[in-house]
file query_28.pdb (PDB, C-alpha atoms and all ligand atoms)
ATOM      1  CA  MET R 240     138.234  79.946 156.086  1.00  0.00           C
ATOM      2  CA  LYS R 241     134.875  78.663 154.917  1.00  0.00           C
ATOM      3  CA  ILE R 242     135.115  76.267 152.038  1.00  0.00           C
ATOM      4  CA  ILE R 243     132.520  74.421 149.985  1.00  0.00           C
ATOM      5  CA  MET R 244     133.452  71.370 147.977  1.00  0.00           C
ATOM      6  CA  LEU R 245     131.594  70.907 144.701  1.00  0.00           C
ATOM      7  CA  GLY R 246     131.821  68.051 142.258  1.00  0.00           C
ATOM      8  CA  ALA R 247     130.005  64.951 141.106  1.00  0.00           C
ATOM      9  CA  PRO R 248     129.608  62.053 143.494  1.00  0.00           C
ATOM     10  CA  GLY R 249     132.833  60.098 143.277  1.00  0.00           C
ATOM     11  CA  ALA R 250     134.924  63.057 142.077  1.00  0.00           C
ATOM     12  CA  GLY R 251     137.097  62.685 145.163  1.00  0.00           C
ATOM     13  CA  LYS R 252     135.829  65.752 146.976  1.00  0.00           C
ATOM     14  CA  GLY R 253     135.441  63.863 150.257  1.00  0.00           C
ATOM     15  CA  THR R 254     139.055  62.748 150.240  1.00  0.00           C
ATOM     16  CA  GLN R 255     140.223  66.270 149.412  1.00  0.00           C
ATOM     17  CA  ALA R 256     137.896  67.771 152.032  1.00  0.00           C
ATOM     18  CA  LYS R 257     139.427  65.568 154.738  1.00  0.00           C
ATOM     19  CA  MET R 258     142.961  66.592 153.730  1.00  0.00           C
ATOM     20  CA  ILE R 259     142.011  70.286 153.671  1.00  0.00           C
ATOM     21  CA  ALA R 260     140.411  69.968 157.115  1.00  0.00           C
ATOM     22  CA  GLU R 261     143.553  68.418 158.517  1.00  0.00           C
ATOM     23  CA  LYS R 262     145.954  70.903 156.929  1.00  0.00           C
ATOM     24  CA  TYR R 263     144.034  73.984 158.021  1.00  0.00           C
ATOM     25  CA  SER R 264     142.788  72.538 161.347  1.00  0.00           C
ATOM     26  CA  ILE R 265     139.140  73.137 160.558  1.00  0.00           C
ATOM     27  CA  PRO R 266     136.276  70.647 160.842  1.00  0.00           C
ATOM     28  CA  HIS R 267     135.256  68.519 157.871  1.00  0.00           C
ATOM     29  CA  ILE R 268     131.478  68.590 157.716  1.00  0.00           C
ATOM     30  CA  SER R 269     130.016  65.927 155.472  1.00  0.00           C
ATOM     31  CA  THR R 270     126.232  65.733 155.269  1.00  0.00           C
ATOM     32  CA  GLY R 271     126.532  62.229 153.815  1.00  0.00           C
ATOM     33  CA  ASP R 272     128.529  61.156 156.904  1.00  0.00           C
ATOM     34  CA  ILE R 273     125.976  62.802 159.201  1.00  0.00           C
ATOM     35  CA  PHE R 274     123.150  60.890 157.502  1.00  0.00           C
ATOM     36  CA  ARG R 275     125.077  57.614 157.579  1.00  0.00           C
ATOM     37  CA  ALA R 276     125.783  58.071 161.296  1.00  0.00           C
ATOM     38  CA  ASN R 277     122.063  58.673 161.847  1.00  0.00           C
ATOM     39  CA  ILE R 278     121.184  55.563 159.838  1.00  0.00           C
ATOM     40  CA  LYS R 279     123.598  53.522 161.929  1.00  0.00           C
ATOM     41  CA  GLU R 280     122.116  54.850 165.146  1.00  0.00           C
ATOM     42  CA  GLY R 281     118.601  54.216 163.852  1.00  0.00           C
ATOM     43  CA  THR R 282     117.384  57.789 164.424  1.00  0.00           C
ATOM     44  CA  GLU R 283     114.215  59.167 162.845  1.00  0.00           C
ATOM     45  CA  LEU R 284     116.325  61.389 160.600  1.00  0.00           C
ATOM     46  CA  GLY R 285     118.367  58.363 159.563  1.00  0.00           C
ATOM     47  CA  LYS R 286     115.275  56.355 158.698  1.00  0.00           C
ATOM     48  CA  LYS R 287     113.871  59.177 156.592  1.00  0.00           C
ATOM     49  CA  ALA R 288     117.185  59.890 154.843  1.00  0.00           C
ATOM     50  CA  LYS R 289     117.864  56.236 153.996  1.00  0.00           C
ATOM     51  CA  THR R 290     114.805  55.910 151.774  1.00  0.00           C
ATOM     52  CA  TYR R 291     116.191  58.643 149.520  1.00  0.00           C
ATOM     53  CA  MET R 292     119.858  57.708 149.755  1.00  0.00           C
ATOM     54  CA  ASP R 293     119.344  54.088 148.755  1.00  0.00           C
ATOM     55  CA  LYS R 294     117.745  55.256 145.525  1.00  0.00           C
ATOM     56  CA  GLY R 295     120.484  57.764 144.802  1.00  0.00           C
ATOM     57  CA  GLU R 296     118.085  60.665 145.314  1.00  0.00           C
ATOM     58  CA  LEU R 297     118.662  63.783 147.354  1.00  0.00           C
ATOM     59  CA  VAL R 298     117.281  64.005 150.855  1.00  0.00           C
ATOM     60  CA  PRO R 299     114.720  66.865 150.881  1.00  0.00           C
ATOM     61  CA  ASP R 300     116.166  70.322 151.592  1.00  0.00           C
ATOM     62  CA  GLU R 301     114.124  70.737 154.781  1.00  0.00           C
ATOM     63  CA  LEU R 302     115.861  67.723 156.343  1.00  0.00           C
ATOM     64  CA  VAL R 303     119.314  69.045 155.482  1.00  0.00           C
ATOM     65  CA  VAL R 304     119.392  72.801 155.874  1.00  0.00           C
ATOM     66  CA  ASP R 305     118.775  73.170 159.621  1.00  0.00           C
ATOM     67  CA  LEU R 306     121.147  70.353 160.329  1.00  0.00           C
ATOM     68  CA  VAL R 307     123.982  72.185 158.582  1.00  0.00           C
ATOM     69  CA  VAL R 308     123.088  75.636 159.872  1.00  0.00           C
ATOM     70  CA  ASP R 309     123.214  74.242 163.441  1.00  0.00           C
ATOM     71  CA  ARG R 310     126.443  72.385 162.787  1.00  0.00           C
ATOM     72  CA  VAL R 311     128.349  75.397 161.421  1.00  0.00           C
ATOM     73  CA  ALA R 312     127.250  77.444 164.439  1.00  0.00           C
ATOM     74  CA  LYS R 313     129.123  75.100 166.807  1.00  0.00           C
ATOM     75  CA  ASP R 314     132.262  76.285 168.593  1.00  0.00           C
ATOM     76  CA  ASP R 315     134.716  74.168 166.636  1.00  0.00           C
ATOM     77  CA  ALA R 316     133.554  75.840 163.415  1.00  0.00           C
ATOM     78  CA  LYS R 317     134.467  79.350 164.592  1.00  0.00           C
ATOM     79  CA  ASN R 318     137.610  79.532 162.454  1.00  0.00           C
ATOM     80  CA  GLY R 319     135.967  77.993 159.435  1.00  0.00           C
ATOM     81  CA  TYR R 320     135.105  74.603 158.005  1.00  0.00           C
ATOM     82  CA  VAL R 321     135.046  72.580 154.872  1.00  0.00           C
ATOM     83  CA  LEU R 322     131.574  71.553 153.753  1.00  0.00           C
ATOM     84  CA  ASP R 323     131.479  68.322 151.799  1.00  0.00           C
ATOM     85  CA  GLY R 324     128.209  67.355 150.138  1.00  0.00           C
ATOM     86  CA  PHE R 325     126.414  70.555 151.054  1.00  0.00           C
ATOM     87  CA  PRO R 326     124.947  72.585 149.448  1.00  0.00           C
ATOM     88  CA  ARG R 327     123.591  70.293 146.755  1.00  0.00           C
ATOM     89  CA  THR R 328     120.738  72.462 145.476  1.00  0.00           C
ATOM     90  CA  ILE R 329     120.260  76.183 144.846  1.00  0.00           C
ATOM     91  CA  PRO R 330     117.767  76.497 147.749  1.00  0.00           C
ATOM     92  CA  GLN R 331     120.351  74.912 150.082  1.00  0.00           C
ATOM     93  CA  ALA R 332     123.013  77.376 148.882  1.00  0.00           C
ATOM     94  CA  GLU R 333     120.643  80.304 149.364  1.00  0.00           C
ATOM     95  CA  ALA R 334     119.705  79.093 152.857  1.00  0.00           C
ATOM     96  CA  LEU R 335     123.368  78.824 153.806  1.00  0.00           C
ATOM     97  CA  ASP R 336     124.162  82.293 152.449  1.00  0.00           C
ATOM     98  CA  LYS R 337     121.210  83.727 154.346  1.00  0.00           C
ATOM     99  CA  ALA R 338     122.237  82.072 157.606  1.00  0.00           C
ATOM    100  CA  LEU R 339     125.822  83.285 157.202  1.00  0.00           C
ATOM    101  CA  GLU R 340     124.768  86.783 156.178  1.00  0.00           C
ATOM    102  CA  ALA R 341     122.713  87.039 159.371  1.00  0.00           C
ATOM    103  CA  ILE R 342     125.930  86.707 161.390  1.00  0.00           C
ATOM    104  CA  GLY R 343     128.034  88.857 159.039  1.00  0.00           C
ATOM    105  CA  GLU R 344     129.879  85.975 157.425  1.00  0.00           C
ATOM    106  CA  LYS R 345     130.192  84.427 153.979  1.00  0.00           C
ATOM    107  CA  VAL R 346     131.612  81.455 152.118  1.00  0.00           C
ATOM    108  CA  ASP R 347     135.207  82.142 151.034  1.00  0.00           C
ATOM    109  CA  TYR R 348     135.792  79.467 148.400  1.00  0.00           C
ATOM    110  CA  ALA R 349     133.723  77.007 146.391  1.00  0.00           C
ATOM    111  CA  ILE R 350     136.099  74.414 144.990  1.00  0.00           C
ATOM    112  CA  ASP R 351     134.822  72.361 142.094  1.00  0.00           C
ATOM    113  CA  VAL R 352     136.628  69.045 141.739  1.00  0.00           C
ATOM    114  CA  ASP R 353     135.980  68.449 138.064  1.00  0.00           C
ATOM    115  CA  VAL R 354     135.798  64.872 136.758  1.00  0.00           C
ATOM    116  CA  PRO R 355     133.949  63.750 133.602  1.00  0.00           C
ATOM    117  CA  ASP R 356     131.068  61.282 134.040  1.00  0.00           C
ATOM    118  CA  GLU R 357     132.814  58.437 132.250  1.00  0.00           C
ATOM    119  CA  ASN R 358     135.568  58.359 134.889  1.00  0.00           C
ATOM    120  CA  ILE R 359     133.083  58.480 137.746  1.00  0.00           C
ATOM    121  CA  ILE R 360     131.260  55.178 137.275  1.00  0.00           C
ATOM    122  CA  LYS R 361     134.561  53.328 136.977  1.00  0.00           C
ATOM    123  CA  ARG R 362     135.869  54.964 140.131  1.00  0.00           C
ATOM    124  CA  MET R 363     132.796  54.433 142.269  1.00  0.00           C
ATOM    125  CA  SER R 364     132.676  50.682 141.773  1.00  0.00           C
ATOM    126  CA  GLY R 365     136.134  50.551 143.388  1.00  0.00           C
ATOM    127  CA  ARG R 366     135.127  52.558 146.429  1.00  0.00           C
ATOM    128  CA  ARG R 367     134.948  50.893 149.812  1.00  0.00           C
ATOM    129  CA  ALA R 368     133.670  52.368 153.056  1.00  0.00           C
ATOM    130  CA  CYS R 369     134.188  51.235 156.627  1.00  0.00           C
ATOM    131  CA  VAL R 370     130.982  50.054 158.296  1.00  0.00           C
ATOM    132  CA  GLU R 371     132.283  51.251 161.671  1.00  0.00           C
ATOM    133  CA  CYS R 372     133.965  54.653 161.214  1.00  0.00           C
ATOM    134  CA  GLY R 373     132.928  55.656 157.679  1.00  0.00           C
ATOM    135  CA  GLY R 374     136.566  55.801 156.502  1.00  0.00           C
ATOM    136  CA  THR R 375     136.808  55.608 152.724  1.00  0.00           C
ATOM    137  CA  TYR R 376     139.175  53.674 150.490  1.00  0.00           C
ATOM    138  CA  HIS R 377     139.550  52.739 146.849  1.00  0.00           C
ATOM    139  CA  ILE R 378     140.704  49.281 145.816  1.00  0.00           C
ATOM    140  CA  GLU R 379     143.104  50.801 143.248  1.00  0.00           C
ATOM    141  CA  HIS R 380     143.913  54.320 144.394  1.00  0.00           C
ATOM    142  CA  ILE R 381     143.728  54.215 148.202  1.00  0.00           C
ATOM    143  CA  PRO R 382     143.799  50.544 149.160  1.00  0.00           C
ATOM    144  CA  PRO R 383     143.640  49.591 152.827  1.00  0.00           C
ATOM    145  CA  LYS R 384     146.733  47.891 154.236  1.00  0.00           C
ATOM    146  CA  LYS R 385     144.752  44.687 154.636  1.00  0.00           C
ATOM    147  CA  GLU R 386     142.092  43.866 152.050  1.00  0.00           C
ATOM    148  CA  GLY R 387     138.554  44.440 153.334  1.00  0.00           C
ATOM    149  CA  ILE R 388     139.695  45.858 156.693  1.00  0.00           C
ATOM    150  CA  CYS R 389     139.752  49.517 157.767  1.00  0.00           C
ATOM    151  CA  ASP R 390     143.282  50.788 158.597  1.00  0.00           C
ATOM    152  CA  LYS R 391     141.962  53.141 161.238  1.00  0.00           C
ATOM    153  CA  CYS R 392     139.540  51.039 163.270  1.00  0.00           C
ATOM    154  CA  GLY R 393     139.697  47.459 161.982  1.00  0.00           C
ATOM    155  CA  GLY R 394     136.055  47.604 160.800  1.00  0.00           C
ATOM    156  CA  GLY R 395     134.871  45.746 157.701  1.00  0.00           C
ATOM    157  CA  LEU R 396     134.934  47.512 154.329  1.00  0.00           C
ATOM    158  CA  ILE R 397     131.921  47.378 152.016  1.00  0.00           C
ATOM    159  CA  LEU R 398     130.688  48.789 148.715  1.00  0.00           C
ATOM    160  CA  ARG R 399     128.026  51.206 149.914  1.00  0.00           C
ATOM    161  CA  ASP R 400     124.523  50.651 148.513  1.00  0.00           C
ATOM    162  CA  ASP R 401     124.622  54.116 147.022  1.00  0.00           C
ATOM    163  CA  ASP R 402     127.939  53.370 145.252  1.00  0.00           C
ATOM    164  CA  LYS R 403     126.451  50.462 143.289  1.00  0.00           C
ATOM    165  CA  PRO R 404     126.441  51.091 139.479  1.00  0.00           C
ATOM    166  CA  ASP R 405     122.696  51.671 138.965  1.00  0.00           C
ATOM    167  CA  THR R 406     122.507  54.001 141.919  1.00  0.00           C
ATOM    168  CA  VAL R 407     125.622  55.817 140.718  1.00  0.00           C
ATOM    169  CA  LYS R 408     124.008  56.484 137.328  1.00  0.00           C
ATOM    170  CA  ASN R 409     120.992  57.928 139.078  1.00  0.00           C
ATOM    171  CA  ARG R 410     123.172  59.998 141.404  1.00  0.00           C
ATOM    172  CA  LEU R 411     124.986  61.421 138.378  1.00  0.00           C
ATOM    173  CA  SER R 412     121.786  62.527 136.692  1.00  0.00           C
ATOM    174  CA  VAL R 413     120.574  64.004 139.995  1.00  0.00           C
ATOM    175  CA  TYR R 414     123.936  65.789 140.227  1.00  0.00           C
ATOM    176  CA  HIS R 415     123.631  67.304 136.750  1.00  0.00           C
ATOM    177  CA  GLU R 416     120.071  68.413 137.299  1.00  0.00           C
ATOM    178  CA  GLN R 417     120.174  69.726 140.846  1.00  0.00           C
ATOM    179  CA  THR R 418     123.751  70.330 141.949  1.00  0.00           C
ATOM    180  CA  GLN R 419     125.595  71.477 138.833  1.00  0.00           C
ATOM    181  CA  PRO R 420     123.703  74.807 138.747  1.00  0.00           C
ATOM    182  CA  LEU R 421     125.690  75.686 141.880  1.00  0.00           C
ATOM    183  CA  ILE R 422     128.784  76.061 139.717  1.00  0.00           C
ATOM    184  CA  GLU R 423     127.225  79.072 138.023  1.00  0.00           C
ATOM    185  CA  TYR R 424     125.817  80.303 141.351  1.00  0.00           C
ATOM    186  CA  TYR R 425     129.276  80.474 142.958  1.00  0.00           C
ATOM    187  CA  SER R 426     130.935  81.603 139.751  1.00  0.00           C
ATOM    188  CA  LYS R 427     128.659  84.659 139.721  1.00  0.00           C
ATOM    189  CA  LYS R 428     129.711  85.366 143.300  1.00  0.00           C
ATOM    190  CA  GLY R 429     133.337  85.257 142.148  1.00  0.00           C
ATOM    191  CA  ILE R 430     134.416  82.530 144.575  1.00  0.00           C
ATOM    192  CA  LEU R 431     134.399  79.491 142.284  1.00  0.00           C
ATOM    193  CA  LYS R 432     137.728  77.702 141.810  1.00  0.00           C
ATOM    194  CA  THR R 433     137.935  74.686 139.531  1.00  0.00           C
ATOM    195  CA  VAL R 434     140.546  71.966 139.884  1.00  0.00           C
ATOM    196  CA  ASP R 435     141.172  69.009 137.577  1.00  0.00           C
ATOM    197  CA  GLY R 436     139.911  66.066 139.595  1.00  0.00           C
ATOM    198  CA  THR R 437     141.245  63.479 137.141  1.00  0.00           C
ATOM    199  CA  ALA R 438     144.796  64.157 138.306  1.00  0.00           C
ATOM    200  CA  GLU R 439     146.499  62.085 140.988  1.00  0.00           C
ATOM    201  CA  MET R 440     145.103  62.611 144.514  1.00  0.00           C
ATOM    202  CA  MET R 441     148.140  64.524 145.823  1.00  0.00           C
ATOM    203  CA  GLU R 442     148.307  66.634 142.660  1.00  0.00           C
ATOM    204  CA  VAL R 443     144.668  67.636 143.116  1.00  0.00           C
ATOM    205  CA  PHE R 444     145.463  68.516 146.720  1.00  0.00           C
ATOM    206  CA  ALA R 445     148.464  70.597 145.625  1.00  0.00           C
ATOM    207  CA  SER R 446     146.281  72.641 143.267  1.00  0.00           C
ATOM    208  CA  ILE R 447     143.782  73.211 146.060  1.00  0.00           C
ATOM    209  CA  ILE R 448     146.482  74.382 148.468  1.00  0.00           C
ATOM    210  CA  LYS R 449     147.729  76.811 145.825  1.00  0.00           C
ATOM    211  CA  ILE R 450     144.244  78.330 145.745  1.00  0.00           C
ATOM    212  CA  LEU R 451     143.754  78.455 149.499  1.00  0.00           C
ATOM    213  CA  GLY R 452     147.276  79.688 150.221  1.00  0.00           C
TER
HETATM  214  P1  LIG H 501     127.578  61.765 149.943  1.00  0.00           P
HETATM  215  O1  LIG H 501     128.267  60.894 150.920  1.00  0.00           O
HETATM  216  O2  LIG H 501     127.899  63.223 150.125  1.00  0.00           O
HETATM  217  O3  LIG H 501     127.769  61.332 148.520  1.00  0.00           O
HETATM  218  O4  LIG H 501     126.002  61.651 150.251  1.00  0.00           O
HETATM  219  C1  LIG H 501     125.323  60.428 150.159  1.00  0.00           C
HETATM  220  C2  LIG H 501     123.840  60.668 149.986  1.00  0.00           C
HETATM  221  O5  LIG H 501     123.325  61.426 151.099  1.00  0.00           O
HETATM  222  C3  LIG H 501     123.434  61.467 148.767  1.00  0.00           C
HETATM  223  O6  LIG H 501     123.330  60.682 147.599  1.00  0.00           O
HETATM  224  C4  LIG H 501     122.089  62.038 149.203  1.00  0.00           C
HETATM  225  O7  LIG H 501     121.065  61.067 149.123  1.00  0.00           O
HETATM  226  C5  LIG H 501     122.327  62.325 150.670  1.00  0.00           C
HETATM  227  N1  LIG H 501     122.812  63.712 150.876  1.00  0.00           N
HETATM  228  C6  LIG H 501     124.028  64.094 151.370  1.00  0.00           C
HETATM  229  N2  LIG H 501     124.139  65.428 151.425  1.00  0.00           N
HETATM  230  C7  LIG H 501     122.968  65.921 150.957  1.00  0.00           C
HETATM  231  C8  LIG H 501     122.449  67.232 150.738  1.00  0.00           C
HETATM  232  N3  LIG H 501     123.179  68.338 151.006  1.00  0.00           N
HETATM  233  N4  LIG H 501     121.193  67.341 150.240  1.00  0.00           N
HETATM  234  C9  LIG H 501     120.434  66.271 149.965  1.00  0.00           C
HETATM  235  N5  LIG H 501     120.865  65.010 150.122  1.00  0.00           N
HETATM  236  C10 LIG H 501     122.115  64.822 150.615  1.00  0.00           C
END
call {"tool": "encode", "arguments": {"input": "query_28.pdb", "output": "structure tokens"}}
result
Amino acid sequence: MKIIMLGAPGAGKGTQAKMIAEKYSIPHISTGDIFRANIKEGTELGKKAKTYMDKGELVPDELVVDLVVDRVAKDDAKNGYVLDGFPRTIPQAEALDKALEAIGEKVDYAIDVDVPDENIIKRMSGRRACVECGGTYHIEHIPPKKEGICDKCGGGLILRDDDKPDTVKNRLSVYHEQTQPLIEYYSKKGILKTVDGTAEMMEVFASIIKILG
């Protein structure tokens, strides 16, 4: 099962993607996580990506596409995967379709986690991410057991630079301009499924499971 998660930054698609990956035993592939890991390791890719990410802009397609095409060709992705944060532009979606077509495959579902803008800014300021493992929390909705400390690895929790209010506003306008057209793209292909992302986390998950079966 090959699944794409769509939705504005902060819509909760990452949280849902992780739960889907666990339930269906498929890898969760997050381009944001891949970039953050590269930034942490100080790689060339990380250095390049950071300049865009800190401003809330998209990393150029040419830095993203090959990375994902290589990742989905790995052994653990044979039975499918859930892509979180990719594609984010029409050219990225077309590149993915082309790469899949070449091996006789296709995306099965594009799930749009729909949340209005006004909810997003409020949500994002409550987000916290682990500096060590990238685990994500929310001070109201998914609090860690101990404030400021990651449940999984004991790392410190921070408000990511790209979750700060000004950056969030920019990310939202980037989303509307560059990523939202994907909703029509996948709708035309007949694989778009929309879920109400304002509902409670487990309710959103339940509606996704209903779709995936
Ligand atoms: P995320 O964790 O998915 O919200 O991604 C964080 C940031 O990484 C984004 O704001 C972009 O700057 C960058 N990024 C992640 N995925 C992509 C992508 N598919 N295309 C371009 N930039 C991306």
call {"tool": "atom_distance", "arguments": {"input": "query_28.pdb", "atom1": "atom CA of R:Tyr376", "atom2": "atom CA of R:Lys361"}}
result
14.3 Å
call {"tool": "closest_residue", "arguments": {"input": "query_28.pdb", "among": "R:Asp401, R:Glu442, R:Asp390, R:Asp305", "to": "ligand LIG 501 (chain H)", "atoms": "all atoms listed in the file"}}
result
R:Asp401
call {"tool": "axis_aligned_box", "arguments": {"input": "query_28.pdb", "around": "ligand LIG 501 (chain H)", "padding_each_side": "4 Å", "output": "JSON"}}
result
{"center_x": 124.4, "center_y": 64.4, "center_z": 149.5, "size_x": 15.8, "size_y": 15.9, "size_z": 11.8}
call {"tool": "resolve_selection", "arguments": {"input": "query_28.pdb", "expression": "the PyMOL selection byres (((chain R and resi 423-430) around 8) and not hetatm)", "output": "list in words"}}
result
Ile329, Asp347, Tyr348, Ala349, Gln419, Pro420, Leu421, Ile422, Leu431 and Lys432 of chain R
call {"tool": "closest_residue", "arguments": {"input": "query_28.pdb", "among": "R:Leu411, R:Ile278, R:Ala368, R:Val298", "to": "ligand LIG 501 (chain H)", "atoms": "only C-alpha atoms and all ligand atoms"}}
result
R:Val298
call {"tool": "closest_residue", "arguments": {"input": "query_28.pdb", "among": "R:Ala438, R:Cys369, R:Ala445, R:Leu322", "to": "R:Met244", "atoms": "all atoms listed in the file"}}
result
R:Leu322
call {"tool": "resolve_selection", "arguments": {"input": "query_28.pdb", "expression": "the PyMOL selection byres (((chain R and resi 311-321) around 8) and not hetatm)", "output": "list in words"}}
result
Met240, Lys241, Ile242, Ile243, Met244, Ala256, Ile259, Ala260, Ile265, Pro266, His267, Ile268, Val307, Val308, Asp309, Arg310, Leu322 and Asp323 of chain R
call {"tool": "closest_residue", "arguments": {"input": "query_28.pdb", "among": "R:Asn277, R:Ser446, R:Ser269, R:Thr282", "to": "ligand LIG 501 (chain H)", "atoms": "all atoms listed in the file"}}
result
R:Ser269
call {"tool": "closest_residue", "arguments": {"input": "query_28.pdb", "among": "R:Pro382, R:Gly251, R:Gly324, R:Gly373", "to": "R:Lys279", "atoms": "only C-alpha atoms"}}
result
R:Gly373
call {"tool": "atom_distance", "arguments": {"input": "query_28.pdb", "atom1": "atom CA of R:Ala247", "atom2": "atom CA of R:Thr406"}}
result
13.3 Å
call {"tool": "atom_distance", "arguments": {"input": "query_28.pdb", "atom1": "atom CA of R:Val413", "atom2": "atom CA of R:Val443"}}
result
24.6 Å
call {"tool": "resolve_selection", "arguments": {"input": "query_28.pdb", "expression": "the PyMOL selection byres (((chain R and resi 333) around 12) and not hetatm)", "output": "PyMOL selection string"}}
result
chain R and resi 300+304+308+325-332+334-340+345-346+421+424-425
call {"tool": "closest_residue", "arguments": {"input": "query_28.pdb", "among": "R:Glu296, R:Glu371, R:Asp353, R:Glu283", "to": "R:Asn409", "atoms": "all atoms listed in the file"}}
result
R:Glu296
call {"tool": "residues_around", "arguments": {"input": "query_28.pdb", "residues": "R:Phe444", "least_positions_apart": "4", "cutoff": "9 Å", "atoms": "all atoms listed in the file", "output": "VMD selection string"}}
result
chain R and resid 255 258 to 259 439 to 440 448 to 449
